[in-house]
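Below is the file entry.cif, which contains mmCIF, C-alpha atoms.
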data_model
loop_
_atom_site.group_PDB
_atom_site.id
_atom_site.type_symbol
_atom_site.label_atom_id
_atom_site.label_comp_id
_atom_site.auth_asym_id
_atom_site.auth_seq_id
_atom_site.Cartn_x
_atom_site.Cartn_y
_atom_site.Cartn_z
ATOM 1 C CA MET A 256 -41.405 285.216 129.025
ATOM 2 C CA GLU A 257 -39.537 286.500 125.969
ATOM 3 C CA GLN A 258 -36.184 285.200 124.785
ATOM 4 C CA ASN A 259 -33.551 287.280 123.072
ATOM 5 C CA GLU A 260 -32.694 286.456 119.484
ATOM 6 C CA GLU A 261 -29.144 285.694 120.665
ATOM 7 C CA GLU A 262 -30.290 283.194 123.304
ATOM 8 C CA SER A 263 -32.995 281.330 121.394
ATOM 9 C CA ASN A 264 -32.189 278.145 119.563
ATOM 10 C CA SER A 265 -34.758 275.722 118.259
ATOM 11 C CA ARG A 266 -34.965 272.519 116.300
ATOM 12 C CA ASN A 267 -34.823 272.842 112.567
ATOM 13 C CA GLY A 268 -35.796 269.417 111.264
ATOM 14 C CA TYR A 269 -33.528 266.498 110.408
ATOM 15 C CA SER A 270 -30.791 265.677 107.901
ATOM 16 C CA ASP A 271 -30.426 262.231 106.364
ATOM 17 C CA LYS A 272 -26.988 260.679 106.783
ATOM 18 C CA THR A 273 -25.818 257.370 105.307
ATOM 19 C CA ILE A 274 -23.343 255.544 107.522
ATOM 20 C CA GLN A 275 -21.412 252.309 107.312
ATOM 21 C CA SER A 276 -21.614 249.905 110.226
ATOM 22 C CA ALA A 277 -21.099 246.266 111.115
ATOM 23 C CA GLN A 278 -24.670 245.646 109.956
ATOM 24 C CA GLY A 279 -24.032 247.282 106.585
ATOM 25 C CA GLU A 280 -25.005 250.634 105.151
ATOM 26 C CA MET A 281 -27.891 252.424 106.841
ATOM 27 C CA THR A 282 -29.514 255.832 106.797
ATOM 28 C CA ILE A 283 -30.077 257.763 110.009
ATOM 29 C CA ASN A 284 -31.897 261.025 110.728
ATOM 30 C CA VAL A 285 -29.681 263.567 112.466
ATOM 31 C CA PRO A 286 -31.483 266.410 114.285
ATOM 32 C CA ARG A 287 -30.621 269.978 113.294
ATOM 33 C CA ASP A 288 -30.883 273.183 115.251
ATOM 34 C CA ARG A 289 -30.832 276.741 114.017
ATOM 35 C CA LYS A 290 -27.447 277.616 115.541
ATOM 36 C CA SER A 291 -25.743 274.291 114.665
ATOM 37 C CA ASN A 292 -24.940 273.641 118.310
ATOM 38 C CA PHE A 293 -26.182 270.039 118.251
ATOM 39 C CA GLU A 294 -23.286 267.567 118.567
ATOM 40 C CA PRO A 295 -24.196 263.940 117.757
ATOM 41 C CA ILE A 296 -22.555 261.428 120.108
ATOM 42 C CA LEU A 297 -22.714 258.025 118.402
ATOM 43 C CA VAL A 298 -21.778 259.205 114.913
ATOM 44 C CA PRO A 299 -19.959 262.569 115.142
ATOM 45 C CA LYS A 300 -20.379 265.281 112.524
ATOM 46 C CA ARG A 301 -18.566 264.630 109.229
ATOM 47 C CA GLU A 302 -18.118 260.928 110.065
ATOM 48 C CA LYS A 303 -19.469 258.200 107.789
ATOM 49 C CA ARG A 304 -18.481 255.130 109.765
ATOM 50 C CA ILE A 305 -19.331 253.845 113.169
ATOM 51 C CA GLN A 306 -16.166 253.744 115.244
ATOM 52 C CA GLY A 307 -14.236 250.510 115.191
ATOM 53 C CA LEU A 308 -14.290 249.723 111.480
ATOM 54 C CA ASP A 309 -11.081 251.638 110.773
ATOM 55 C CA GLU A 310 -9.295 249.834 113.612
ATOM 56 C CA LYS A 311 -10.374 246.474 112.220
ATOM 57 C CA ILE A 312 -9.072 247.406 108.764
ATOM 58 C CA LEU A 313 -5.726 248.513 110.219
ATOM 59 C CA GLY A 314 -5.497 245.286 112.210
ATOM 60 C CA LEU A 315 -6.021 243.174 109.092
ATOM 61 C CA TYR A 316 -3.387 245.175 107.226
ATOM 62 C CA ALA A 317 -0.935 244.828 110.117
ATOM 63 C CA ARG A 318 -1.416 241.042 109.986
ATOM 64 C CA GLY A 319 -0.258 241.022 106.377
ATOM 65 C CA MET A 320 -3.468 241.044 104.338
ATOM 66 C CA SER A 321 -3.338 242.928 101.054
ATOM 67 C CA THR A 322 -5.583 245.931 100.548
ATOM 68 C CA ARG A 323 -7.568 243.998 97.915
ATOM 69 C CA ASP A 324 -8.084 241.082 100.323
ATOM 70 C CA ILE A 325 -9.231 243.491 103.032
ATOM 71 C CA GLN A 326 -11.621 245.158 100.590
ATOM 72 C CA GLU A 327 -13.170 241.798 99.692
ATOM 73 C CA GLN A 328 -13.317 240.686 103.338
ATOM 74 C CA ILE A 329 -15.058 243.862 104.536
ATOM 75 C CA GLU A 330 -17.592 243.668 101.721
ATOM 76 C CA GLU A 331 -18.262 239.990 102.471
ATOM 77 C CA LEU A 332 -18.580 240.474 106.242
ATOM 78 C CA TYR A 333 -20.326 243.824 106.470
ATOM 79 C CA GLY A 334 -21.792 244.421 103.021
ATOM 80 C CA VAL A 335 -19.866 247.700 102.839
ATOM 81 C CA LYS A 336 -17.936 248.713 99.750
ATOM 82 C CA ILE A 337 -14.614 250.413 100.500
ATOM 83 C CA SER A 338 -11.821 251.356 98.137
ATOM 84 C CA ALA A 339 -8.626 249.308 98.125
#
Can you present the structure in this file as C-alpha coordinates?
Amino acid sequence: MEQNEEESNSRNGYSDKTIQSAQGEMTINVPRDRKSNFEPILVPKREKRIQGLDEKILGLYARGMSTRDIQEQIEELYGVKISA
(Lines of atoms letter the chains of each structure in order from A and count residues from 1; the text may use other names and numbers.)
(Lines give C-alpha, C1' and ligand atoms only; values in the text may rest on other atoms or scores of the structure.)
Protein backbone atom coordinates (compact mmCIF):
# COMPACT_ATOMS: atom_id res chain seq x y z
CA MET A 1 0.00 0.00 0.00
CA GLU A 2 1.63 3.24 -1.15
CA GLN A 3 1.16 6.60 0.52
CA ASN A 4 1.18 9.92 -1.27
CA GLU A 5 3.96 12.35 -0.48
CA GLU A 6 1.29 14.77 0.77
CA GLU A 7 -0.22 12.25 3.20
CA SER A 8 2.93 10.68 4.63
CA ASN A 9 4.43 11.98 7.83
CA SER A 10 7.04 10.18 9.86
CA ARG A 11 9.14 10.67 12.93
CA ASN A 12 12.29 12.65 12.49
CA GLY A 13 14.22 12.14 15.72
CA TYR A 14 14.14 14.25 18.86
CA SER A 15 15.07 17.78 19.93
CA ASP A 16 16.56 18.53 23.34
CA LYS A 17 14.67 21.16 25.33
CA THR A 18 15.70 22.60 28.70
CA ILE A 19 12.75 23.48 30.90
CA GLN A 20 12.30 24.96 34.35
CA SER A 21 10.09 23.13 36.81
CA ALA A 22 9.41 22.80 40.52
CA GLN A 23 12.21 20.22 40.64
CA GLY A 24 14.68 22.58 38.97
CA GLU A 25 16.08 22.76 35.47
CA MET A 26 15.84 19.59 33.40
CA THR A 27 16.34 18.52 29.81
CA ILE A 28 13.64 16.63 27.95
CA ASN A 29 13.59 15.00 24.51
CA VAL A 30 10.76 16.30 22.33
CA PRO A 31 9.79 14.11 19.35
CA ARG A 32 9.90 15.67 15.89
CA ASP A 33 8.02 14.78 12.75
CA ARG A 34 8.73 15.76 9.18
CA LYS A 35 5.68 18.02 8.80
CA SER A 36 5.93 19.62 12.28
CA ASN A 37 2.44 18.46 13.16
CA PHE A 38 3.43 17.08 16.57
CA GLU A 39 1.98 19.20 19.40
CA PRO A 40 3.47 18.48 22.85
CA ILE A 41 0.87 18.51 25.64
CA LEU A 42 2.75 18.90 28.93
CA VAL A 43 5.22 21.54 27.75
CA PRO A 44 3.82 23.31 24.65
CA LYS A 45 6.05 24.48 21.81
CA ARG A 46 8.10 27.61 22.57
CA GLU A 47 7.50 27.25 26.32
CA LYS A 48 10.39 26.95 28.77
CA ARG A 49 8.48 26.55 32.01
CA ILE A 50 6.05 24.02 33.31
CA GLN A 51 2.73 25.73 33.88
CA GLY A 52 2.14 27.13 37.33
CA LEU A 53 5.47 28.83 37.97
CA ASP A 54 4.35 32.14 36.45
CA GLU A 55 1.19 32.12 38.57
CA LYS A 56 3.24 31.56 41.71
CA ILE A 57 5.52 34.47 40.82
CA LEU A 58 2.53 36.76 40.20
CA GLY A 59 0.99 35.68 43.50
CA LEU A 60 4.16 36.56 45.42
CA TYR A 61 4.32 39.95 43.70
CA ALA A 62 0.65 40.62 44.46
CA ARG A 63 1.35 39.92 48.14
CA GLY A 64 3.93 42.69 48.18
CA MET A 65 7.26 40.92 47.67
CA SER A 66 9.88 42.82 45.70
CA THR A 67 11.12 41.40 42.42
CA ARG A 68 14.55 40.80 43.99
CA ASP A 69 12.98 38.90 46.91
CA ILE A 70 10.96 36.80 44.47
CA GLN A 71 14.08 36.08 42.43
CA GLU A 72 15.93 34.87 45.53
CA GLN A 73 12.93 32.85 46.75
CA ILE A 74 12.43 31.05 43.42
CA GLU A 75 16.13 30.22 43.19
CA GLU A 76 16.15 28.93 46.78
CA LEU A 77 12.98 26.85 46.40
CA TYR A 78 13.31 25.53 42.87
CA GLY A 79 16.96 26.01 41.96
CA VAL A 80 15.88 28.07 38.95
CA LYS A 81 17.53 31.36 38.07
CA ILE A 82 15.11 34.02 36.84
CA SER A 83 15.73 37.69 36.17
CA ALA A 84 14.38 40.27 38.60
| field | Residue members of the PyMOL selection byres ((chain A and resi 295-309) around 6) in the file shown, as a PyMOL selection string | value | chain A and resi 274-276+294+310-312
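In terms of minimum interatomic distance to Arg287 (chain A), A:Arg266 ranks closest within A:Asp271, A:Glu331, A:Leu313, A:Arg266, counting all atoms listed in the file.
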| said: Could you tell me how far CA of Ala339 (chain A) sits from CA of Gly279 (chain A), in Å to one decimal place? | reply: 17.7 Å
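Taken over the shown file, the PyMOL selection byres ((chain A and resi 283) around 8) identifies Asp271, Lys272, Thr273, Ile274, Met281, Thr282, Asn284 and Val285 of chain A.
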Determine the axis-aligned bounding box of all atoms of region 309-321 of chain A present in the file, pad each side by 3 Å, and express its centre and edge lengths in Å to one decimal place as lines of an AutoDock Vina configuration file.
center_x = -5.7
center_y = 246.3
center_z = 107.3
size_x = 16.8
size_y = 16.6
size_z = 18.6
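In this comparison, which uses all atoms listed in the file, the residue of A:Ser291, A:Asn264, A:Ser270, A:Ile337 approaching Thr322 (chain A) most closely is A:Ile337.
In this structure, CA of Arg318 (chain A) sits 18.4 Å away from CA of Glu330 (chain A).
Interatomic distance, CA of Gln328 (chain A) against CA of Gly314 (chain A): 12.7 Å.
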| Between A:Leu315, A:Ile329, A:Ser321, A:Tyr269, which one has atoms that come closest to Phe293 (chain A), using only C-alpha atoms? | A:Tyr269
Missing atoms in region 288-299 of chain A need filling: write out all heavy atoms for it as a PDB file, keeping the file's coordinate frame.
ATOM      1  N   ASP A 288     -30.381 272.025 114.532  1.00  0.00           N
ATOM      2  CA  ASP A 288     -30.883 273.183 115.251  1.00  0.00           C
ATOM      3  C   ASP A 288     -30.425 274.436 114.518  1.00  0.00           C
ATOM      4  O   ASP A 288     -29.519 274.394 113.701  1.00  0.00           O
ATOM      5  CB  ASP A 288     -30.451 273.180 116.724  1.00  0.00           C
ATOM      6  CG  ASP A 288     -28.957 273.225 116.911  1.00  0.00           C
ATOM      7  OD1 ASP A 288     -28.213 273.037 115.943  1.00  0.00           O
ATOM      8  OD2 ASP A 288     -28.524 273.459 118.047  1.00  0.00           O
ATOM      9  N   ARG A 289     -31.075 275.517 114.786  1.00  0.00           N
ATOM     10  CA  ARG A 289     -30.832 276.741 114.017  1.00  0.00           C
ATOM     11  C   ARG A 289     -29.409 277.273 114.161  1.00  0.00           C
ATOM     12  O   ARG A 289     -28.868 277.855 113.249  1.00  0.00           O
ATOM     13  CB  ARG A 289     -31.843 277.805 114.400  1.00  0.00           C
ATOM     14  CG  ARG A 289     -33.250 277.383 114.026  1.00  0.00           C
ATOM     15  CD  ARG A 289     -34.175 278.562 113.931  1.00  0.00           C
ATOM     16  NE  ARG A 289     -35.520 278.122 113.644  1.00  0.00           N
ATOM     17  CZ  ARG A 289     -35.990 277.863 112.423  1.00  0.00           C
ATOM     18  NH1 ARG A 289     -35.212 278.010 111.393  1.00  0.00           N
ATOM     19  NH2 ARG A 289     -37.230 277.463 112.248  1.00  0.00           N
ATOM     20  N   LYS A 290     -28.794 277.089 115.322  1.00  0.00           N
ATOM     21  CA  LYS A 290     -27.447 277.616 115.541  1.00  0.00           C
ATOM     22  C   LYS A 290     -26.345 276.576 115.314  1.00  0.00           C
ATOM     23  O   LYS A 290     -25.186 276.850 115.566  1.00  0.00           O
ATOM     24  CB  LYS A 290     -27.329 278.174 116.959  1.00  0.00           C
ATOM     25  CG  LYS A 290     -28.167 279.405 117.181  1.00  0.00           C
ATOM     26  CD  LYS A 290     -27.902 279.967 118.546  1.00  0.00           C
ATOM     27  CE  LYS A 290     -28.702 281.237 118.754  1.00  0.00           C
ATOM     28  NZ  LYS A 290     -28.419 281.820 120.067  1.00  0.00           N
ATOM     29  N   SER A 291     -26.697 275.388 114.882  1.00  0.00           N
ATOM     30  CA  SER A 291     -25.743 274.291 114.665  1.00  0.00           C
ATOM     31  C   SER A 291     -24.948 273.958 115.912  1.00  0.00           C
ATOM     32  O   SER A 291     -23.756 273.666 115.845  1.00  0.00           O
ATOM     33  CB  SER A 291     -24.794 274.618 113.513  1.00  0.00           C
ATOM     34  OG  SER A 291     -25.479 274.635 112.295  1.00  0.00           O
ATOM     35  N   ASN A 292     -25.596 273.991 117.057  1.00  0.00           N
ATOM     36  CA  ASN A 292     -24.940 273.641 118.310  1.00  0.00           C
ATOM     37  C   ASN A 292     -25.062 272.156 118.634  1.00  0.00           C
ATOM     38  O   ASN A 292     -24.358 271.664 119.502  1.00  0.00           O
ATOM     39  CB  ASN A 292     -25.532 274.440 119.472  1.00  0.00           C
ATOM     40  CG  ASN A 292     -25.211 275.904 119.376  1.00  0.00           C
ATOM     41  OD1 ASN A 292     -24.231 276.295 118.756  1.00  0.00           O
ATOM     42  ND2 ASN A 292     -26.037 276.736 119.986  1.00  0.00           N
ATOM     43  N   PHE A 293     -25.965 271.453 117.955  1.00  0.00           N
ATOM     44  CA  PHE A 293     -26.182 270.039 118.251  1.00  0.00           C
ATOM     45  C   PHE A 293     -24.955 269.230 117.867  1.00  0.00           C
ATOM     46  O   PHE A 293     -24.453 269.326 116.755  1.00  0.00           O
ATOM     47  CB  PHE A 293     -27.413 269.512 117.503  1.00  0.00           C
ATOM     48  CG  PHE A 293     -27.663 268.051 117.740  1.00  0.00           C
ATOM     49  CD1 PHE A 293     -28.210 267.618 118.936  1.00  0.00           C
ATOM     50  CD2 PHE A 293     -27.332 267.118 116.778  1.00  0.00           C
ATOM     51  CE1 PHE A 293     -28.426 266.272 119.162  1.00  0.00           C
ATOM     52  CE2 PHE A 293     -27.552 265.769 116.992  1.00  0.00           C
ATOM     53  CZ  PHE A 293     -28.100 265.348 118.195  1.00  0.00           C
ATOM     54  N   GLU A 294     -24.438 268.427 118.809  1.00  0.00           N
ATOM     55  CA  GLU A 294     -23.286 267.567 118.567  1.00  0.00           C
ATOM     56  C   GLU A 294     -23.707 266.112 118.748  1.00  0.00           C
ATOM     57  O   GLU A 294     -23.910 265.662 119.871  1.00  0.00           O
ATOM     58  CB  GLU A 294     -22.150 267.901 119.545  1.00  0.00           C
ATOM     59  CG  GLU A 294     -21.469 269.217 119.285  1.00  0.00           C
ATOM     60  CD  GLU A 294     -20.692 269.265 117.974  1.00  0.00           C
ATOM     61  OE1 GLU A 294     -20.190 268.210 117.528  1.00  0.00           O
ATOM     62  OE2 GLU A 294     -20.619 270.353 117.386  1.00  0.00           O
ATOM     63  N   PRO A 295     -23.840 265.353 117.641  1.00  0.00           N
ATOM     64  CA  PRO A 295     -24.196 263.940 117.757  1.00  0.00           C
ATOM     65  C   PRO A 295     -23.109 263.177 118.523  1.00  0.00           C
ATOM     66  O   PRO A 295     -21.925 263.481 118.401  1.00  0.00           O
ATOM     67  CB  PRO A 295     -24.269 263.454 116.314  1.00  0.00           C
ATOM     68  CG  PRO A 295     -24.309 264.675 115.474  1.00  0.00           C
ATOM     69  CD  PRO A 295     -23.683 265.773 116.254  1.00  0.00           C
ATOM     70  N   ILE A 296     -23.506 262.171 119.292  1.00  0.00           N
ATOM     71  CA  ILE A 296     -22.555 261.428 120.108  1.00  0.00           C
ATOM     72  C   ILE A 296     -22.127 260.124 119.431  1.00  0.00           C
ATOM     73  O   ILE A 296     -20.944 259.847 119.324  1.00  0.00           O
ATOM     74  CB  ILE A 296     -23.152 261.147 121.500  1.00  0.00           C
ATOM     75  CG1 ILE A 296     -23.360 262.478 122.224  1.00  0.00           C
ATOM     76  CG2 ILE A 296     -22.242 260.240 122.315  1.00  0.00           C
ATOM     77  CD1 ILE A 296     -24.109 262.359 123.519  1.00  0.00           C
ATOM     78  N   LEU A 297     -23.072 259.330 118.970  1.00  0.00           N
ATOM     79  CA  LEU A 297     -22.714 258.025 118.402  1.00  0.00           C
ATOM     80  C   LEU A 297     -21.970 258.134 117.084  1.00  0.00           C
ATOM     81  O   LEU A 297     -20.999 257.424 116.857  1.00  0.00           O
ATOM     82  CB  LEU A 297     -23.962 257.158 118.211  1.00  0.00           C
ATOM     83  CG  LEU A 297     -24.634 256.692 119.488  1.00  0.00           C
ATOM     84  CD1 LEU A 297     -25.892 255.910 119.152  1.00  0.00           C
ATOM     85  CD2 LEU A 297     -23.687 255.849 120.307  1.00  0.00           C
ATOM     86  N   VAL A 298     -22.444 258.985 116.198  1.00  0.00           N
ATOM     87  CA  VAL A 298     -21.778 259.205 114.913  1.00  0.00           C
ATOM     88  C   VAL A 298     -21.504 260.705 114.809  1.00  0.00           C
ATOM     89  O   VAL A 298     -22.382 261.477 114.461  1.00  0.00           O
ATOM     90  CB  VAL A 298     -22.650 258.738 113.722  1.00  0.00           C
ATOM     91  CG1 VAL A 298     -21.913 258.920 112.418  1.00  0.00           C
ATOM     92  CG2 VAL A 298     -23.076 257.291 113.894  1.00  0.00           C
ATOM     93  N   PRO A 299     -20.274 261.136 115.140  1.00  0.00           N
ATOM     94  CA  PRO A 299     -19.959 262.569 115.142  1.00  0.00           C
ATOM     95  C   PRO A 299     -20.150 263.223 113.775  1.00  0.00           C
ATOM     96  O   PRO A 299     -20.187 262.544 112.739  1.00  0.00           O
ATOM     97  CB  PRO A 299     -18.489 262.606 115.550  1.00  0.00           C
ATOM     98  CG  PRO A 299     -18.223 261.299 116.217  1.00  0.00           C
ATOM     99  CD  PRO A 299     -19.144 260.319 115.554  1.00  0.00           C
TER     100      PRO A 299
END
